[in-house]
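As structure tokens, the structure follows; a few thoughts come after it.
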Amino acid sequence: MEEKMPDHLFVGKSVPRTIEADKVTGKAVYIDDLKRPGMLYGKILYSNHAHARIKSIDISKAKQLEGVRTVLTGQDIPDVRVGFLKDQTVLKKDVVRQYRDEVAAVAAISLEIAEEAISLIKVDYEKLPAVFDPFEAMKQESSLVHEIDARGRPLKSNILPLPWKFETGDMEQARKDSAYTSKDTVSTTWVNQCCMGTSGCIAEFDQNSNLTLYDQTNVIFGHIGRITEYFSQIGLRGKKIRVVNPVVGGSFGTKLDTDIYEFIAIQLALKTKKPVRILFDREEEFKALPPRQPAVFTIEQGCDKEGKLIFRHCEAILDNGAYTSWGATTPSVMMMPMSSLYRVPNVYFKATCVYTNNIYAQAMRGYGNPQATFAVETSMDTLAEEAGIDPAEFRLINRNRPGDQTPMRLKITSCGLEECIKAVKEKLNWDEKQGKQNGRGVGMASLIHVAGGARVTKSDGHGIMIKLDEYGHVDVIESGTDQGQGSPTVISQIVAEALGVRPEDVFLTFGDTALALWDAGTHASRHTFMAGNAAIGACAKAKRQILEMAVEQMPKIIKMGLKRKKRKDPEFVEPDLDFGSIANPEDLDIRDRMIFSKKEPDHPYFNLPLAQILQNGLLVGTGQSKVVMAEEFYDPPTEMLNWEMKGNLSMTYAFGASGVEVEVDEQTGEVKILNLIAAHDVGKAMNPTLLLGQIYGAAYTGVGYGLTEEIKVRNGRVMNPSFRDYQMLTAMDVVPIEVVIIEPIDEAGPYGAKGVGEPGLVPTAPAIANAVYDAVGVRITDLPITPEKILTALKQRK
Amino acid sequence: MKKVSVSFTLNGNTVTAEVPVIWTLLKTLREYFELTGAKEGCGVGECGACTVILDGEAINSCLCPIPEVEGKSVTTIEGLANEDGTLHPLQEAFLKNNGVQCGFCTSGMLMSSKALLDQNPDPTEDDIRTSIAGNFCRCTGYVQIVESIEMAAKESK
Amino acid sequence: MTDCDYLRPDNLEETLGLLKEHGPRATLIAGGTDVMVKIKNTKKPPEVLVSIRGLKDLKYIEKRSGYHIGALTTHRMLEQSELVKAELSALHDGASRVGSVQVRNVATLGGNICNAAPSADTAGPLLVLDALVFMEGPEGKRSVPITEFFTGTYKTVLKKDEVLTEIQIPAEMEHFGSAYWKHSRRKAMNLPILGIAVSVKLDGEIIADARIALTVAAPTPVRAYKAEAFLKGKPMGDEALNETGKIAASTECCTLRDSLRGEAWYRREIIEAYVPRMARLAAERIAQRRSK
């Protein structure tokens with residue numbers, strides 16, 4: 001399926017990460033390493049009740065501690081509501097609704113003093129009845145987590161007023177038309193993103209009350225939007241905000257909202273008039289950082305006699321915890337696999353988010369897709385079994401095809417799903433191994449994900465500015481965040497290719513709102529796609545400027561050169577050159593730092609260094625001196641979801657399939673992964689080595705999601721807030737993995753590329769669940785698939 | 001606050017630190033010497049981001065009381081490259097083979113693997129994985145880190 | 001912030017003197033992987049830390065009429081010792097699985113058993129190797145069998161003014177094969193959900209003698225005497241081994257509980273499954289040693 005590609009110098013090559021050498025020499029400056037003059041250290045006091053009234057807070061001892069500069073409670077700052085549904089204040093004044101509620105904050109001259117001050121704050125609570133089960137919380141008689149909404153109106157229920165419902169077709173008829181149906185209830189729980197660099201920021205106001213926020217956020221402009229709104233309510237209307245990324249120690253979804261600790265840092269900085277850093281320790285990162293959204297799905301599907309899907313019906317209950325962040329919006333992404341993974345004409349999906357006194361959730365790599373795909377792909381296997389069709393075959397029958405428009409109105413352009421499923425089948429030796437139930441089994445699952453931007457805000461734009469200096473160095477001012485995915489290298493490859501320089505000539509700045517144009521956010525696997533397209537656009541403009549300069553200068557330069565040669569060597573005969581063939585910018589191109597004639601690329605004279613043209617353009621002596629700079633703000637022609645939750649929100653979609661072979665120890669329930677095949681449709685691999693890294697990392701996290709990871713929450717309290725007890729996998733937990741790259745070359749993507757950051761994770765857990773069933777005949781429908789669950793199921797079967 | 005004076009060799013240089021007695025080697029490196037390569041990923045020896053080499057052995061510097069370092073030799077990530085600034089084969093390999101993504105675990109990974117290669121220049125994959133079992137990474141899934149170390153071991157021969 | 005004294009005696013005598021001088025204000029620290037974590041979590045260092053990390057004389061692994069291991073021997077030394085791997089295999093298994101290389105490079109065998117966690121990875125192996133624990137205090141030297149060393153969760157017979165000096169394993173254990181299984185969710189950086197240590201001595205196909213120890217199965221590491229008694233004299237085979245496993249898992253041998261890391265019923269399953277597996281592995285190791 002690969003078209004013949006022009007010969008690229010850099011795109012598609014595994015250019016090393018030389019640009020990031022600071023990371024291997026200890027020079028990279030993370031938020032942990034950043035110090036501002038006079039910086040204070042902030043710490044937060046959290047509640048130790050899931051639901052309680054605050055009767056009193058005594059901060060007197062904390063205030064008196066030497067080295068403490070300020071102690072704040074909800075009484076000391078304006079009562080402004082923040083968050084997606086504006087359902088919490090920065091410091092909780094009257095009621096705490098979850099274990100990690102922020103009750104007070106301290107800024108001191110050292111971390112130790114701040115911690116000691118926190119321990120000196122005395123809070124008197126009166127416990128209130130709490131609810132920890134979303135099903136209980138939905139009932140009429142349940143205690144209310146919130147009594148009023150953002151506008152002060154009384155609430156009668158814990159169910160959030162969110163519009164997560166998608167319907168298409170005729171469900172009643174569809175059920176009648178189905179020859180086979182299956183119904184499953186599956187559930188997924190909280191897991192932690194486990195960024196190695198913990199959450200943190202430094203807030204600093206200047207003399208005029210403008211804010212600079214050094215922050216790891218992936219949504220530098222989203223931050224400005226939310227903080228601007230906050231400012232307008234605390235007497236700082238009109239003040240400027242600058243958000244600057246340090247080197248980021250991983251994101252995985254944690255940095256897409258403006259979190260409470262960031263507002264707290266801002267308040268501490270405002271009160272003390274000093275820069276204040278808040279940095280989570282690891283325990284805080286496990287306890288106080290919103291994790292992945294849990295969900296319970298009841299899913300039914302039906303197909304005809306030939307195995308063609310007729311309907312998919314799913315209801316989901318989401319434990320929303322005490323407040324809302326992006327966890328409550330994951331259903332908007334769940335719609336995508338629900339409506340569009342495989343061809344299915346009749347779809348119903350409804351998600352209900354329910355307040356409880358548990359911890360609340362935010363985004364995590366995949367943003368609802370891993371959860372929903374676990375439901376869909378479990379159901380695909382159970383339905384295939386009902387219909388007596390091989391699970392891989394069943395998926396091929398219903399696969400998405402290029403040119404499809406899904407019920408959600410997603411326009412499928414390039415689609416390598418068929419190749420991915422077939423690759424998995426082949427590499428796993430599927431036909432031989434499937435269906436044996438002898439302790440070893442194979443299972444698979446597919447995915448669909450946005451891969452060409454994601455119009456979740458009214459602009460899905462991404463801006464890039466580039467300028468060249470007179471030596472041929474290119475400065476690229478990027479408006480996204482480098483979170484370690486390799487963007488500096490990939491974008492330098494794209495710029496080098498598009499402009500005709502080398503990657504080492506490209507210098508990039510990321511994540512600074514004072515410099516960057518605008519970006520919707522480094523999320524939804526969109527960075528390479530958006531930045532790449534913006535870069536190509538900007539480079540085309542810059543190239544045009546350069547070549548216009550070149551057509552002006554080249555004849556002069558060449559003639560002077562010829563004259564010089566003649567002076568040195570009187571025997572030299574000046575050639576008769578046809579400058580007409582390089583009279584227009586369209587006649588020239590740039591490649592590997594050289595400007596050359598397209599008609600005669602090997603012409604002995606029509607070949608000049610880029611730097612020479614740039615220098616001549618700048619250092620003119622008299623007349624108009626020129627600098628080369630260009631920008632491109634790329635906002636793709638996509639749609640927002642309408643009130644029916646339909647709309648083509650991305651330019652293209654990623655597809656893939658994961659297949660797993662497992663061996664299950666029937667005595668102990670332990671699962672060993674013998675082989676993991678991850679086949680991905682990536683459009684075009686910009687940098688194969690970096691691409692593999694994205695897929696390996698995502699797949700590994702998917703294995704953790706499937707087998708070992710869970711945040712254990714009991715009565716609202718996180719019980720395993722450490723690496724010792726949170727089961728993220730180590731290097732000793734070997735998962736033999738093979739990646740298959742399918743490149744259908746998408747026309748919308750930069751050089752044909754699609755996004756790949758999240759897809760690697762999505763199908764892994766359901767593939768494992770399906771493989772376990774194939775191995776020992778028990779289906780675990782509740783993640784993670786622990787040995788205990790398998791053993792219990794095996795015993796029950798006997 | 002009681003202070004202690006500790007003299008030791010740091011990246012080949014003799015140094016003396018005057019710091020509170022209860023400071024760890026990690027805190028001393030980061031705040032007294034401003035060598036911020038070693039990171040505090042957990043503070044309790046559970047993640048490996050603070051790994052440095054003490055007398056040839058990889059240790060969690062967050063668990064090492066600074067007085068223990070007296071008279072010993074400490075190597076940190078800042079001392080890994082050659083004197084002339086050229087990179088150690090491990091550093092080259094990590095850049096070439098994508099062993100680095102966000103980079104937060106990288107200092108620790110490099111020091112664990114340096115300690116390994118210094119003791120065992122021809123390690124098996126199992127040896128490599130054992131040596132970095134105490135270094136968590138969320139970005140890479142460890143695959144390209146193991147490959148980078150193998151690459152560096154080959155280069156060094 | 002409370003202050004702290006960090007003392008580094010050069011030898012055992014000096015150490016004992018300091019412990020006497022400072023009494024209850026003093027805490028011993030060796031590798032620090034337990035003590036430093038406690039300090040970080042409680043945010044309060046002890047008033048006096050007496051570090052025995054420098055007592056190089058207590059770092060050794062020797063075989064001379066029995067096995068002698070200095071209390072300050074690190075887990076890494078045990079892991080890298082061919083002698084321990086071949087002849088004290090269970091101890092090798094246990095020591096190799098503690099934490100990470102970084103932890104094993106400094107954490108000591110003495111520290112591991114003095115910390116006396118019910119999950120200590122070297123405890124089970126030492127129990128099935130009939131270890132003897134040697135201590136020294138102001139009143140002189142004394143020793144207790146490891147079976148009497150642990151008195152409760154995180155409690156031992158070691159007095160506050162004593163220092164653990166050596167662990168001895170009797171010469172007869174050379175004729176035993178041993179193995180230790182650490183059951184955990186992932187392959188490194190975990191405390192065990194359950195630990196099973198087994199040592200066996202064979203007489204042809206008959207199990208002439210056996211020891212079985214369980215960790216995270218009772219408030220202290222324990223021997224499963226009833227299971228051992230059953231196994232002695234039986235032939236190596238599924239029937240005997242499986243029954244042994246069942247007895248070891250029963251309330252006759254242990255008091256399993258539900259905890260954050262695992263539930264009692266599952267721990268029972270693991271004991272039943274792994275006692276036979278470790279017995280077989282232990283027997284295999286005798287054969288391997290003989291063939292060398």
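Naming works like this for the structure tokens: A, B, ... for the chains as they're shown, residue 1 at the start of each chain, ligands 1 onward in shown order.
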
Handout entry: Residue contacts of B:Met151 (9 Å, only C-alpha atoms) excluding same-chain residues fewer than 3 positions away, as number ranges by chain
Key = B: 89-90, 93-94, 97, 146-148, 154-156

Practice task
Excluding A:Gly532 and any residue of its chain fewer than 2 positions from it, enumerate the residues within 12 Å of it, using only C-alpha atoms, and give them as a count of residues only.
Solution key: 45

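Computed from the coordinates, the atom CA of C:Thr15 to atom CA of C:Leu126 distance equals 25.8 Å.
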
Exercise for the section: Name all residues at most 12 Å from A:Lys425 (count only C-alpha atoms; drop same-chain ones fewer than 2 positions away) and give them as a PyMOL selection string. Expected result: chain A and resi 390-393+395-396+418-423+427-434+442-445+657-661+676-679+740

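With only C-alpha atoms taken into account, chain B has Met1, Lys2, Val21, Ile22, Val44, Glu57, Ala58, Ile59, Asn60, Leu63, Cys64, Ser131, Ala133 and Gly134 of chain B at most 7 Å from chain C.
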
Problem - Residues of chain C within 12 Å of chain A, only C-alpha atoms counted, as a ChimeraX atom specification - result: /C:1-2,40-44,97-101,183-193,242,259-274,276-277

Residues just named, written with N, CA and C atoms as a compact mmCIF listing (two decimals), in the first residue's frame:
```
# COMPACT_ATOMS: atom_id res chain seq x y z
N MET C 1 12.73 21.73 63.54
CA MET C 1 13.52 20.60 63.05
C MET C 1 14.43 20.11 64.15
N THR C 2 14.25 18.86 64.52
CA THR C 2 15.12 18.36 65.58
C THR C 2 16.50 18.06 65.01
N LYS C 40 12.41 9.62 57.04
CA LYS C 40 11.70 10.46 56.07
C LYS C 40 10.20 10.44 56.33
N ASN C 41 9.67 9.27 56.64
CA ASN C 41 8.22 9.17 56.84
C ASN C 41 7.75 9.80 58.13
N THR C 42 8.53 9.66 59.20
CA THR C 42 8.10 10.25 60.46
C THR C 42 8.58 11.69 60.59
N LYS C 43 9.46 12.10 59.69
CA LYS C 43 10.02 13.44 59.68
C LYS C 43 10.77 13.76 60.97
N LYS C 44 11.14 12.73 61.71
CA LYS C 44 11.86 12.97 62.95
C LYS C 44 13.06 12.05 63.02
N ARG C 97 16.43 -10.97 45.66
CA ARG C 97 15.15 -10.36 45.29
C ARG C 97 14.79 -9.17 46.16
N VAL C 98 15.68 -8.78 47.06
CA VAL C 98 15.37 -7.63 47.91
C VAL C 98 15.50 -6.35 47.08
N GLY C 99 14.44 -5.54 47.06
CA GLY C 99 14.51 -4.22 46.42
C GLY C 99 15.10 -4.19 45.03
N SER C 100 16.24 -3.47 44.95
CA SER C 100 16.91 -3.26 43.67
C SER C 100 18.40 -3.40 43.91
N VAL C 101 19.18 -3.36 42.85
CA VAL C 101 20.64 -3.40 43.00
C VAL C 101 21.09 -2.26 43.90
N HIS C 183 6.63 -14.39 46.40
CA HIS C 183 5.46 -14.18 45.56
C HIS C 183 5.07 -12.71 45.56
N SER C 184 5.21 -12.08 44.42
CA SER C 184 4.86 -10.67 44.37
C SER C 184 4.22 -10.36 43.03
N ARG C 185 3.61 -9.20 42.96
CA ARG C 185 2.84 -8.81 41.79
C ARG C 185 3.74 -8.56 40.58
N ARG C 186 4.93 -8.02 40.84
CA ARG C 186 5.87 -7.82 39.74
C ARG C 186 7.21 -8.37 40.15
N LYS C 187 8.17 -8.37 39.21
CA LYS C 187 9.39 -9.13 39.45
C LYS C 187 10.49 -8.39 40.21
N ALA C 188 10.26 -7.15 40.55
CA ALA C 188 11.27 -6.42 41.32
C ALA C 188 10.57 -5.32 42.11
N MET C 189 11.29 -4.76 43.06
CA MET C 189 10.80 -3.60 43.80
C MET C 189 9.48 -3.84 44.52
N ASN C 190 9.28 -5.01 45.03
CA ASN C 190 8.06 -5.32 45.76
C ASN C 190 8.38 -5.97 47.09
N LEU C 191 7.50 -5.76 48.06
CA LEU C 191 7.52 -6.63 49.23
C LEU C 191 6.70 -7.86 48.86
N PRO C 192 7.03 -9.01 49.41
CA PRO C 192 6.29 -10.20 49.00
C PRO C 192 4.86 -10.21 49.53
N ILE C 193 3.97 -10.78 48.74
CA ILE C 193 2.63 -11.08 49.22
C ILE C 193 2.76 -12.28 50.15
N ASN C 242 1.95 -32.32 47.59
CA ASN C 242 0.71 -31.55 47.61
C ASN C 242 0.07 -31.53 48.99
N SER C 259 -4.64 -8.37 53.90
CA SER C 259 -3.93 -7.11 54.08
C SER C 259 -3.97 -6.36 52.76
N LEU C 260 -3.38 -5.19 52.74
CA LEU C 260 -3.40 -4.38 51.52
C LEU C 260 -2.82 -5.15 50.33
N ARG C 261 -1.76 -5.92 50.60
CA ARG C 261 -1.07 -6.59 49.49
C ARG C 261 -1.71 -7.87 49.05
N GLY C 262 -2.54 -8.47 49.88
CA GLY C 262 -3.12 -9.75 49.47
C GLY C 262 -4.14 -10.24 50.46
N GLU C 263 -4.97 -11.17 49.98
CA GLU C 263 -5.98 -11.72 50.87
C GLU C 263 -5.58 -13.10 51.36
N ALA C 264 -6.12 -13.46 52.52
CA ALA C 264 -5.74 -14.72 53.16
C ALA C 264 -6.01 -15.92 52.27
N TRP C 265 -7.18 -15.96 51.66
CA TRP C 265 -7.51 -17.14 50.84
C TRP C 265 -6.51 -17.31 49.72
N TYR C 266 -6.05 -16.22 49.13
CA TYR C 266 -5.10 -16.30 48.03
C TYR C 266 -3.73 -16.75 48.53
N ARG C 267 -3.37 -16.25 49.70
CA ARG C 267 -2.09 -16.66 50.28
C ARG C 267 -2.09 -18.17 50.51
N ARG C 268 -3.24 -18.68 50.93
CA ARG C 268 -3.34 -20.13 51.14
C ARG C 268 -3.09 -20.86 49.82
N GLU C 269 -3.70 -20.37 48.77
CA GLU C 269 -3.52 -21.00 47.45
C GLU C 269 -2.06 -21.00 47.05
N ILE C 270 -1.38 -19.90 47.32
CA ILE C 270 0.02 -19.79 46.91
C ILE C 270 0.89 -20.74 47.70
N ILE C 271 0.60 -20.86 49.00
CA ILE C 271 1.39 -21.80 49.80
C ILE C 271 1.20 -23.21 49.25
N GLU C 272 -0.07 -23.56 49.01
CA GLU C 272 -0.35 -24.90 48.48
C GLU C 272 0.34 -25.14 47.15
N ALA C 273 0.38 -24.11 46.31
CA ALA C 273 0.99 -24.30 44.99
C ALA C 273 2.51 -24.31 45.05
N TYR C 274 3.06 -23.45 45.88
CA TYR C 274 4.51 -23.27 45.81
C TYR C 274 5.35 -24.10 46.77
N PRO C 276 5.18 -27.34 47.15
CA PRO C 276 5.68 -28.45 46.32
C PRO C 276 6.71 -27.99 45.29
N ARG C 277 6.46 -26.84 44.66
CA ARG C 277 7.39 -26.37 43.62
C ARG C 277 8.76 -26.07 44.20
```

Practice task
Quick one: pick out all helix (DSSP H, G or I) residues within chain B from a backbone DSSP run and write them as a ChimeraX atom specification.
Solution key: /B:25-32,61-63,66-69,77-79,89-96,106-119,125-131,143-156

Completion exercise
Using only C-alpha atoms, the best pick from B:Leu10, B:Ala49, B:Ile149, B:Ile66 as closest to chain A would be B:Ala49

Exercise for the section: Write down as a VMD selection string the residues belonging to stretch 361-522 of chain A that are assigned strand (DSSP E or B) by DSSP computed on the backbone. Expected result: chain A and resid 362 405 411 440 to 450 462 to 468 474 to 478 506 to 509 512 519

Could you produce a table of the residues of chain A lying within 6 Å of chain B, with the nearest pair of atoms per residue and their separation in Å rounded to one decimal, using only C-alpha atoms, ordered by chain and increasing residue number, as CSV?
```
residue,atom,partner,partner_atom,distance
A:Pro16,CA,B:Lys96,CA,4.4
A:Arg17,CA,B:Leu95,CA,4.9
A:Thr18,CA,B:Leu95,CA,5.9
A:Lys23,CA,B:Gly103,CA,5.5
A:Val24,CA,B:Gln91,CA,5.7
A:Thr25,CA,B:Glu78,CA,5.6
A:Gly26,CA,B:Gly37,CA,3.8
A:Gly249,CA,B:Cys102,CA,5.2
A:Gly250,CA,B:Cys102,CA,5.5
A:Arg282,CA,B:Cys42,CA,4.9
A:Gln483,CA,B:Cys102,CA,5.9
A:Gly484,CA,B:Cys102,CA,3.6
A:Gln485,CA,B:Gln101,CA,5.8
A:Gly693,CA,B:Thr140,CA,5.7
A:Tyr696,CA,B:Gly141,CA,5.4
A:Gly697,CA,B:Gly141,CA,4.2
A:Tyr700,CA,B:Gly141,CA,5.2
A:Thr730,CA,B:Ala133,CA,5.6
A:Ala731,CA,B:Ala133,CA,5.0
A:Met732,CA,B:Arg129,CA,5.5
```

Practice task
Show which residues sit within 9 Å of A:Met138, as an MDAnalysis selection string. Count only C-alpha atoms, and ignore same-chain residues fewer than 2 positions away.
Solution key: chainID A and resid 133:136 140:142 157:159 354:355

Grab the residues selected above and save them as a short mmCIF file (atom, residue, chain, number, x, y, z; two decimals), in the first residue's frame with N, CA and C atoms.
```cif
data_model
loop_
_atom_site.label_atom_id
_atom_site.label_comp_id
_atom_site.auth_asym_id
_atom_site.auth_seq_id
_atom_site.Cartn_x
_atom_site.Cartn_y
_atom_site.Cartn_z
N ASP A 133 -19.81 4.82 46.52
CA ASP A 133 -20.20 3.95 45.42
C ASP A 133 -21.11 4.75 44.49
N PRO A 134 -20.73 4.90 43.22
CA PRO A 134 -21.55 5.73 42.34
C PRO A 134 -22.99 5.20 42.21
N PHE A 135 -23.15 3.89 42.27
CA PHE A 135 -24.52 3.34 42.17
C PHE A 135 -25.36 3.73 43.38
N GLU A 136 -24.73 3.72 44.55
CA GLU A 136 -25.41 4.20 45.75
C GLU A 136 -25.68 5.69 45.65
N GLN A 140 -31.97 8.06 45.27
CA GLN A 140 -32.66 9.20 45.88
C GLN A 140 -32.21 9.45 47.32
N GLU A 141 -32.05 8.34 48.06
CA GLU A 141 -31.79 8.48 49.49
C GLU A 141 -30.32 8.77 49.84
N SER A 142 -29.48 8.85 48.81
CA SER A 142 -28.06 9.05 49.09
C SER A 142 -27.77 10.44 49.65
N SER A 157 -29.54 15.97 43.38
CA SER A 157 -29.02 14.65 43.02
C SER A 157 -27.52 14.74 42.85
N ASN A 158 -26.86 13.59 42.95
CA ASN A 158 -25.43 13.53 42.72
C ASN A 158 -25.08 13.33 41.26
N ILE A 159 -26.10 13.25 40.42
CA ILE A 159 -25.82 13.01 39.00
C ILE A 159 -25.47 14.34 38.33
N VAL A 354 -21.36 10.61 38.19
CA VAL A 354 -21.99 10.73 39.50
C VAL A 354 -20.99 11.23 40.53
N TYR A 355 -21.36 12.24 41.27
CA TYR A 355 -20.53 12.71 42.38
C TYR A 355 -20.47 11.64 43.46
#
```
